[in-house]
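Student: This is upload_18.tsv, which holds TSV, C-alpha atoms and all ligand atoms:
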chain	number	residue	atom	x	y	z
A	190	MET	CA	117.20	102.72	72.74
A	191	LYS	CA	114.35	104.63	74.40
A	192	ILE	CA	112.00	103.80	71.52
A	193	PHE	CA	113.05	100.15	71.68
A	194	ALA	CA	112.34	100.01	75.42
A	195	TYR	CA	108.94	101.56	74.91
A	196	ILE	CA	108.02	99.12	72.10
A	197	LEU	CA	109.20	96.19	74.23
A	198	LEU	CA	107.08	97.41	77.10
A	199	CYS	CA	104.00	97.86	74.92
A	200	VAL	CA	104.41	94.44	73.31
A	201	CYS	CA	104.91	92.80	76.68
A	202	ILE	CA	101.89	94.47	78.18
A	203	THR	CA	99.67	93.81	75.17
A	204	LEU	CA	100.64	90.14	74.98
A	205	GLY	CA	100.60	89.77	78.72
A	206	CYS	CA	104.04	88.13	78.93
A	207	LYS	CA	103.85	87.64	82.61
A	208	VAL	CA	106.87	87.03	84.77
A	209	LYS	CA	105.99	84.20	87.14
A	210	GLN	CA	104.57	85.74	90.33
A	211	THR	CA	106.68	84.71	93.27
A	212	LYS	CA	105.51	84.91	96.86
A	213	GLU	CA	107.59	88.07	97.22
A	214	ASN	CA	105.83	89.66	94.23
A	215	GLU	CA	102.43	89.11	95.81
A	216	ASN	CA	103.29	91.95	98.16
A	217	LEU	CA	104.79	94.24	95.52
A	218	ILE	CA	103.12	97.60	94.88
A	219	VAL	CA	104.60	99.62	92.01
A	220	CYS	CA	103.94	103.37	91.96
A	221	SER	CA	104.69	105.80	89.15
A	222	THR	CA	106.32	108.70	91.05
A	223	SER	CA	108.20	109.19	94.31
A	224	ILE	CA	105.24	111.25	95.64
A	225	THR	CA	102.63	108.54	95.04
A	226	ALA	CA	105.05	105.92	96.42
A	227	ASP	CA	105.57	107.81	99.69
A	228	CYS	CA	101.82	108.29	100.22
A	229	VAL	CA	101.20	104.56	99.64
A	230	ARG	CA	104.05	103.71	102.05
A	231	GLN	CA	102.32	105.78	104.74
A	232	ILE	CA	99.33	103.44	104.42
A	233	VAL	CA	100.98	100.04	104.10
A	234	GLY	CA	103.95	100.56	106.45
A	235	ASN	CA	106.21	97.50	106.40
A	236	ARG	CA	103.47	95.09	105.38
A	237	LEU	CA	104.11	95.45	101.64
A	238	THR	CA	107.01	96.41	99.38
A	239	VAL	CA	106.45	99.73	97.61
A	240	LYS	CA	108.64	100.63	94.62
A	241	SER	CA	108.64	103.75	92.49
A	242	LEU	CA	109.34	103.72	88.75
A	243	MET	CA	110.61	107.30	88.88
A	244	GLY	CA	113.14	108.18	91.54
A	245	ALA	CA	113.95	111.44	93.31
A	246	GLY	CA	114.22	114.46	91.02
A	247	VAL	CA	112.77	112.70	87.94
A	248	ASP	CA	110.45	114.74	85.67
A	249	PRO	CA	107.24	112.69	85.13
A	250	HIS	CA	106.00	114.73	82.13
A	251	THR	CA	108.82	113.52	79.88
A	252	TYR	CA	109.66	110.19	81.52
A	253	ASN	CA	110.28	107.28	79.16
A	254	PRO	CA	109.82	103.80	80.63
A	255	ARG	CA	112.98	101.71	80.92
A	256	PRO	CA	113.29	97.96	80.22
A	257	SER	CA	113.59	97.34	83.98
A	258	ASP	CA	110.15	98.97	84.36
A	259	VAL	CA	108.69	96.14	82.24
A	260	VAL	CA	109.77	93.64	84.86
A	261	LEU	CA	108.47	95.72	87.76
A	262	LEU	CA	105.09	96.43	86.15
A	263	ASN	CA	104.64	92.78	85.25
A	264	ASP	CA	105.58	91.61	88.74
A	265	ALA	CA	103.39	94.10	90.62
A	266	ARG	CA	100.25	92.99	92.39
A	267	LEU	CA	99.00	96.56	92.18
A	268	VAL	CA	100.10	99.54	90.06
A	269	VAL	CA	99.38	103.04	91.42
A	270	TYR	CA	99.74	106.28	89.46
A	271	THR	CA	98.67	109.93	89.70
A	272	GLY	CA	96.55	110.44	86.57
A	273	PHE	CA	95.49	113.75	84.96
A	274	HIS	CA	98.15	112.96	82.32
A	275	LEU	CA	100.97	113.78	84.73
A	276	GLU	CA	102.78	110.64	83.60
A	277	GLY	CA	102.48	111.89	79.99
A	278	LYS	CA	104.20	109.12	78.07
A	279	MET	CA	102.93	106.37	80.36
A	280	ALA	CA	99.23	107.26	80.55
A	281	GLU	CA	98.25	104.97	77.67
A	282	LEU	CA	100.41	102.23	79.12
A	283	PHE	CA	98.65	102.31	82.49
A	284	ASN	CA	95.34	102.29	80.67
A	285	ARG	CA	96.25	99.17	78.74
A	286	LEU	CA	97.78	97.54	81.79
A	287	SER	CA	94.50	97.97	83.68
A	288	GLU	CA	92.85	95.46	81.31
A	289	ARG	CA	94.79	92.59	82.85
A	290	LYS	CA	96.14	93.89	86.14
A	291	GLU	CA	95.04	95.77	89.25
A	292	VAL	CA	95.70	99.45	88.52
A	293	VAL	CA	94.44	102.46	90.45
A	294	SER	CA	95.01	106.21	90.13
A	295	PHE	CA	94.69	109.12	92.54
A	296	GLN	CA	92.57	110.79	89.88
A	297	LEU	CA	89.72	108.36	90.54
A	298	ASP	CA	88.65	109.94	93.85
A	299	PHE	CA	90.04	113.45	93.45
A	300	PRO	CA	87.09	115.86	93.99
A	301	LYS	CA	85.96	117.06	90.56
A	302	ASN	CA	85.08	120.57	91.79
A	303	LYS	CA	88.67	121.07	92.99
A	304	ILE	CA	90.37	120.41	89.66
A	305	LEU	CA	92.15	123.39	88.12
A	306	TYR	CA	92.48	123.67	84.35
A	307	SER	CA	95.38	125.05	82.33
A	308	ASP	CA	92.97	125.62	79.41
A	309	GLU	CA	89.34	124.73	78.72
A	310	ILE	CA	89.91	120.99	78.64
A	311	THR	CA	93.33	120.24	80.13
A	312	PRO	CA	93.44	119.57	83.86
A	313	ASP	CA	96.48	120.79	85.78
A	314	PRO	CA	98.03	117.52	87.03
A	315	HIS	CA	99.92	118.91	90.07
A	316	VAL	CA	97.05	117.93	92.36
A	317	TRP	CA	99.13	116.84	95.40
A	318	PHE	CA	99.60	120.52	96.31
A	319	ASP	CA	95.89	120.75	97.17
A	320	THR	CA	96.65	118.80	100.32
A	321	ASP	CA	93.03	118.27	101.50
A	322	SER	CA	91.80	117.03	98.12
A	323	TRP	CA	94.93	114.92	97.64
A	324	VAL	CA	94.36	113.05	100.88
A	325	GLN	CA	90.71	112.66	99.91
A	326	SER	CA	91.80	111.19	96.58
A	327	MET	CA	93.69	108.50	98.49
A	328	ASN	CA	90.35	106.88	99.44
A	329	GLY	CA	90.24	104.96	96.15
A	330	VAL	CA	93.83	103.76	96.63
A	331	VAL	CA	93.18	102.66	100.22
A	332	ASP	CA	89.99	100.79	99.16
A	333	LYS	CA	91.93	98.95	96.48
A	334	LEU	CA	94.67	98.01	98.97
A	335	VAL	CA	92.04	96.72	101.42
A	336	ASP	CA	90.38	94.70	98.60
A	337	LEU	CA	93.66	93.00	97.77
A	338	TYR	CA	94.91	92.57	101.35
A	339	PRO	CA	91.77	92.25	103.53
A	340	LYS	CA	93.72	90.91	106.52
A	341	TYR	CA	95.35	94.36	106.93
A	342	GLU	CA	92.13	96.36	106.61
A	343	LEU	CA	92.11	97.76	110.15
A	344	GLU	CA	95.78	98.63	110.07
A	345	PHE	CA	95.64	100.31	106.64
A	346	ARG	CA	92.55	102.36	107.51
A	347	GLU	CA	94.09	103.44	110.81
A	348	ASN	CA	97.34	104.44	109.07
A	349	PHE	CA	95.31	106.38	106.54
A	350	TYR	CA	93.44	108.26	109.25
A	351	LYS	CA	96.72	109.13	111.05
A	352	PHE	CA	98.25	110.34	107.77
A	353	LEU	CA	95.19	112.45	107.00
A	354	VAL	CA	95.38	114.16	110.39
A	355	LYS	CA	99.13	114.72	109.99
A	356	VAL	CA	98.68	116.32	106.56
A	357	GLN	CA	95.85	118.56	107.81
A	358	ARG	CA	97.92	119.75	110.79
A	359	LYS	CA	101.00	120.36	108.68
A	360	THR	CA	98.96	122.32	106.10
A	361	LYS	CA	97.51	124.55	108.82
A	362	GLU	CA	100.95	125.17	110.33
A	363	LEU	CA	102.53	125.97	106.93
A	364	LYS	CA	99.68	128.29	105.91
A	365	LEU	CA	100.28	130.29	109.06
A	366	LYS	CA	104.01	130.37	108.40
A	367	LEU	CA	103.62	131.69	104.85
A	368	SER	CA	101.05	134.26	105.92
A	369	GLU	CA	103.88	136.01	107.79
A	370	VAL	CA	105.29	137.12	104.41
A	371	PRO	CA	103.53	140.41	103.53
A	372	LYS	CA	100.77	139.88	100.94
A	373	GLU	CA	102.42	142.09	98.27
A	374	ARG	CA	105.62	140.03	98.46
A	375	ARG	CA	103.84	136.69	98.32
A	376	VAL	CA	104.64	135.94	94.66
A	377	LEU	CA	106.09	132.58	93.68
A	378	ILE	CA	108.02	132.40	90.40
A	379	THR	CA	109.22	128.96	89.26
A	380	SER	CA	110.47	127.09	86.18
A	381	HIS	CA	107.20	125.41	85.22
A	382	ASP	CA	103.56	125.87	86.16
A	383	ALA	CA	103.41	123.27	88.95
A	384	PHE	CA	102.25	125.50	91.78
A	385	HIS	CA	98.67	126.63	91.05
A	386	TYR	CA	97.18	124.19	93.58
A	387	PHE	CA	99.97	125.17	95.98
A	388	GLY	CA	99.09	128.85	95.48
A	389	ARG	CA	95.42	128.19	96.22
A	390	THR	CA	96.22	126.12	99.31
A	391	PHE	CA	98.84	128.45	100.80
A	392	ASP	CA	97.50	131.78	99.50
A	393	ILE	CA	100.38	132.87	97.29
A	394	GLN	CA	100.30	134.27	93.74
A	395	VAL	CA	102.12	132.02	91.27
A	396	LYS	CA	103.78	132.58	87.92
A	397	ALA	CA	106.03	130.33	85.83
A	398	LEU	CA	108.23	130.33	82.76
A	399	GLN	CA	106.82	127.13	81.24
A	400	GLY	CA	103.29	125.73	81.16
A	401	VAL	CA	101.91	122.85	83.25
A	402	SER	CA	104.03	120.38	81.30
A	403	THR	CA	107.78	120.54	80.65
A	404	SER	CA	107.46	118.80	77.29
A	405	GLN	CA	107.77	122.11	75.41
A	406	GLU	CA	110.67	124.53	75.79
A	407	PRO	CA	109.80	128.10	76.83
A	408	GLY	CA	109.85	130.60	73.97
A	409	MET	CA	111.45	134.06	73.77
A	410	ARG	CA	108.04	135.69	74.46
A	411	ASP	CA	107.68	133.67	77.72
A	412	VAL	CA	111.09	134.91	78.89
A	413	VAL	CA	110.35	138.55	78.05
A	414	ASP	CA	106.91	138.45	79.76
A	415	LEU	CA	108.38	136.96	82.92
A	416	VAL	CA	111.24	139.49	83.00
A	417	ASP	CA	108.68	142.34	82.68
A	418	PHE	CA	106.60	140.87	85.49
A	419	ILE	CA	109.59	140.52	87.86
A	420	VAL	CA	110.75	144.10	87.23
A	421	GLU	CA	107.24	145.63	87.44
A	422	HIS	CA	106.35	143.77	90.66
A	423	ASP	CA	109.79	144.25	92.24
A	424	VAL	CA	110.10	140.50	92.90
A	425	LYS	CA	113.07	139.67	95.17
A	426	ALA	CA	113.53	135.95	94.49
A	427	ILE	CA	112.72	133.27	91.93
A	428	PHE	CA	112.87	129.52	92.53
A	429	VAL	CA	114.33	126.60	90.61
A	430	GLU	CA	112.80	123.11	90.73
A	431	ASN	CA	114.46	119.79	91.45
A	432	SER	CA	112.95	118.02	88.42
A	433	VAL	CA	113.45	120.79	85.83
A	434	SER	CA	116.71	122.16	84.35
A	435	PRO	CA	117.47	125.62	85.85
A	436	LYS	CA	119.03	126.85	82.57
A	437	ALA	CA	116.04	128.80	81.24
A	438	LEU	CA	115.29	130.38	84.61
A	439	LYS	CA	118.93	131.48	84.92
A	440	SER	CA	118.61	133.32	81.60
A	441	VAL	CA	115.59	135.15	83.09
A	442	LEU	CA	117.76	136.12	86.02
A	443	SER	CA	120.47	137.55	83.75
A	444	SER	CA	117.89	139.52	81.71
A	445	VAL	CA	116.38	140.96	84.88
A	446	GLU	CA	119.83	142.05	86.07
A	447	ARG	CA	120.53	143.71	82.70
A	448	ARG	CA	117.38	145.80	83.34
A	449	GLY	CA	119.07	147.03	86.54
A	450	HIS	CA	116.86	145.04	88.91
A	451	GLN	CA	118.22	142.74	91.59
A	452	VAL	CA	116.68	139.28	91.88
A	453	LYS	CA	118.16	136.10	93.39
A	454	ILE	CA	117.57	132.37	93.20
A	455	GLY	CA	115.58	131.82	96.40
A	456	GLY	CA	116.31	128.10	96.54
A	457	THR	CA	115.28	124.80	95.01
A	458	LEU	CA	111.67	123.70	95.32
A	459	PHE	CA	110.36	120.17	95.00
A	460	SER	CA	107.50	120.14	92.52
A	461	ASP	CA	106.93	116.86	90.67
A	462	ALA	CA	109.32	114.60	92.55
A	463	LEU	CA	110.58	114.21	96.10
A	464	GLY	CA	114.19	114.86	97.11
A	465	SER	CA	116.78	112.14	97.67
A	466	LYS	CA	117.04	110.33	100.99
A	467	GLY	CA	118.22	112.60	103.79
A	468	SER	CA	117.35	115.82	101.90
A	469	GLY	CA	114.46	116.53	104.27
A	470	ALA	CA	112.16	116.51	101.25
A	471	ASP	CA	112.15	112.74	100.82
A	472	THR	CA	108.55	112.41	102.04
A	473	TYR	CA	105.33	114.14	100.95
A	474	ILE	CA	105.05	116.06	104.22
A	475	GLY	CA	108.80	116.83	104.22
A	476	MET	CA	108.48	118.22	100.70
A	477	LEU	CA	105.64	120.56	101.70
A	478	SER	CA	107.65	121.85	104.67
A	479	HIS	CA	110.80	122.31	102.63
A	480	ASN	CA	108.93	124.29	99.95
A	481	VAL	CA	107.14	126.63	102.37
A	482	ASN	CA	110.29	127.22	104.43
A	483	SER	CA	112.38	127.98	101.31
A	484	ILE	CA	109.74	130.35	99.90
A	485	LYS	CA	109.41	132.19	103.18
A	486	GLU	CA	113.18	132.52	103.54
A	487	GLY	CA	113.61	133.62	99.89
A	488	LEU	CA	110.87	136.25	99.90
A	489	LYS	CA	111.40	137.85	103.30
A	501	ZN	ZN	104.97	119.30	86.45
Show me the file's structure as structure tokens.

Tutor:
Amino acid sequence: MKIFAYILLCVCITLGCKVKQTKENENLIVCSTSITADCVRQIVGNRLTVKSLMGAGVDPHTYNPRPSDVVLLNDARLVVYTGFHLEGKMAELFNRLSERKEVVSFQLDFPKNKILYSDEITPDPHVWFDTDSWVQSMNGVVDKLVDLYPKYELEFRENFYKFLVKVQRKTKELKLKLSEVPKERRVLITSHDAFHYFGRTFDIQVKALQGVSTSQEPGMRDVVDLVDFIVEHDVKAIFVENSVSPKALKSVLSSVERRGHQVKIGGTLFSDALGSKGSGADTYIGMLSHNVNSIKEGLK
């Protein structure tokens, strides 16, 4: 079924089988993830309709497009995605879509000298945790929105400026908060390697069971290495993620306990997707606050 949906989507996009654009669709912006969708909403307010292909808690690395995504992507006036291969199985699709539709990524304006690499050639895609660079990368998205909707230019640019200031203030406040955890305890252990930018921004050492993508299961060696690290560094808490199964991390926890060391689950962090409505992590800024507060509470 998944393969069928993907083929249908590819055929539709290649052939350009367009659903007739209604007046309502002229104001439809389709974003890949809940994080990109929230950031776009902060710019366009109620002027446009912003929809996200992936909802709260959905893992973008392994996401397969659904048939309903075909309709949304075809209807959209503008498609916005993260880039850096975050949307693993959809990257080629967005590429192809850009030949006949307005498509923009956050990657376009992300400062090149701020990109972290997981190996010599693979960029780490979790760029939203470098809050300054992330907001900077929104310039390309805002310019595209202004191009398509020039009558809202002033409003969109003003909203962008307000959002930028809000993110800068929140980052400063959260940095201060996390700095209250003693340096030697400031170690963040999570399911997958989504927190390197976060670690650089908020000055915390990071370590994970899986690599920057969740598409490969962790091996026995990964588990053993992480267990050794937790015991040697006397780590008090490890953290599960909302978009990744906690199963593998729970097996780490059991192995650590068998070695006679006490470690707890410090809470759930939001890495690649926002939380559901009312969770407090249903916005980009809310997610940052939730993560820092949970880490501080877990490690104290
Ligand atoms: Zn990830």

Student: May I have the residues within 6 Å of ligand ZN 501 (chain A), computed using only C-alpha atoms and all ligand atoms, as a count of residues only?

Tutor: 4

Student: Provide the CA of Glu421 (chain A) to CA of Gln394 (chain A) distance in Å, to one decimal place.

Tutor: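 Between these atoms lies a distance of 14.7 Å.
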
Student: Which one of A:Asn348, A:Asn263, A:Ser440, A:Ser307 sits closest to Leu286 (chain A) if you count only C-alpha atoms?

Tutor: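 Distance minimum relative to Leu286 (chain A) lands on A:Asn263.
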
Student: I'd like to know which of A:Arg285, A:His381, A:Arg389, A:Lys453 is closest to Ser434 (chain A), using all atoms listed in the file.

Tutor: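 Nearest candidate to Ser434 (chain A) out of A:Arg285, A:His381, A:Arg389, A:Lys453: A:His381.
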
Student: Which residues, written as a ChimeraX atom specification, have at least one atom at most 10 Å from region 317-320 of chain A, with all atoms listed in the file counted and residues fewer than 5 positions away on the same chain left out?

Tutor: /A:224-225,271,295,299,303-304,325-326,353,356-357,359-360,383-391,460-461,473-474,477

Student: Report as a PyMOL selection string all protein, DNA and RNA residues lying within 9 Å of Lys366 (chain A), evaluated on all atoms listed in the file, omitting residues in the same chain fewer than 5 positions from it.

Tutor: chain A and resi 361+481-482+485

Student: For the residues in the current selection, export C-alpha atoms as a PDB file, in the coordinates of the input.

Tutor:
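Contents of the output file part.pdb:
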ATOM      1  CA  LYS A 361      97.510 124.550 108.820  1.00  0.00           C
ATOM      2  CA  VAL A 481     107.140 126.630 102.370  1.00  0.00           C
ATOM      3  CA  ASN A 482     110.290 127.220 104.430  1.00  0.00           C
ATOM      4  CA  LYS A 485     109.410 132.190 103.180  1.00  0.00           C
TER       5      LYS A 485
END

Student: Could you jot down the CA of Gln231 (chain A) to CA of Phe352 (chain A) separation for me, Å, one decimal place?

Tutor: 6.8 Å

Student: As an exercise, work out the distance from CA of Lys466 (chain A) to CA of Gln296 (chain A) in Å and give it to one decimal place.

Tutor: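 That distance, rounded to one decimal, is 26.9 Å.
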
Student: Pick out the residues sitting within 12 Å of Asn302 (chain A), and hand them over as a PyMOL selection string; count only C-alpha atoms, and ignore anything fewer than 3 positions along from it in its own chain.

Tutor: chain A and resi 298-299+305-306+312+322

Student: Quick one: residues within 10 Å of Gly487 (chain A), all atoms listed in the file counted, chain neighbours fewer than 5 positions away excluded, as a list in words?

Tutor: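 Close residues of Gly487 (chain A): Leu377, Lys425, Ala426, Ile427, Phe428, Lys453, Ile454, Gly455, Gly456, Val481 and Asn482 of chain A.
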
Student: Given the choices A:Gly234, A:Glu276, A:Arg346, A:Val219, which gets closest to Lys290 (chain A) if the distance is worked out from only C-alpha atoms?

Tutor: A:Val219

Student: A:Ala397, A:Val330, A:Met279, A:Val452: which is nearest Pro249 (chain A), counting all atoms listed in the file?

Tutor: A:Met279

Student: So, with all atoms listed in the file as the atoms that count, which of A:Met476, A:Lys240, A:Ser368, A:Val324 lies closest to Lys351 (chain A)?

Tutor: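 Selected residue with least distance to Lys351 (chain A): A:Val324.
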
Student: Of the candidates A:Val413, A:Val233, A:Thr238, A:Asp471, which shows the shortest atom-to-atom distance to Lys212 (chain A), using all atoms listed in the file?

Tutor: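 Using all atoms listed in the file, the shortest distance to Lys212 (chain A) belongs to A:Thr238.
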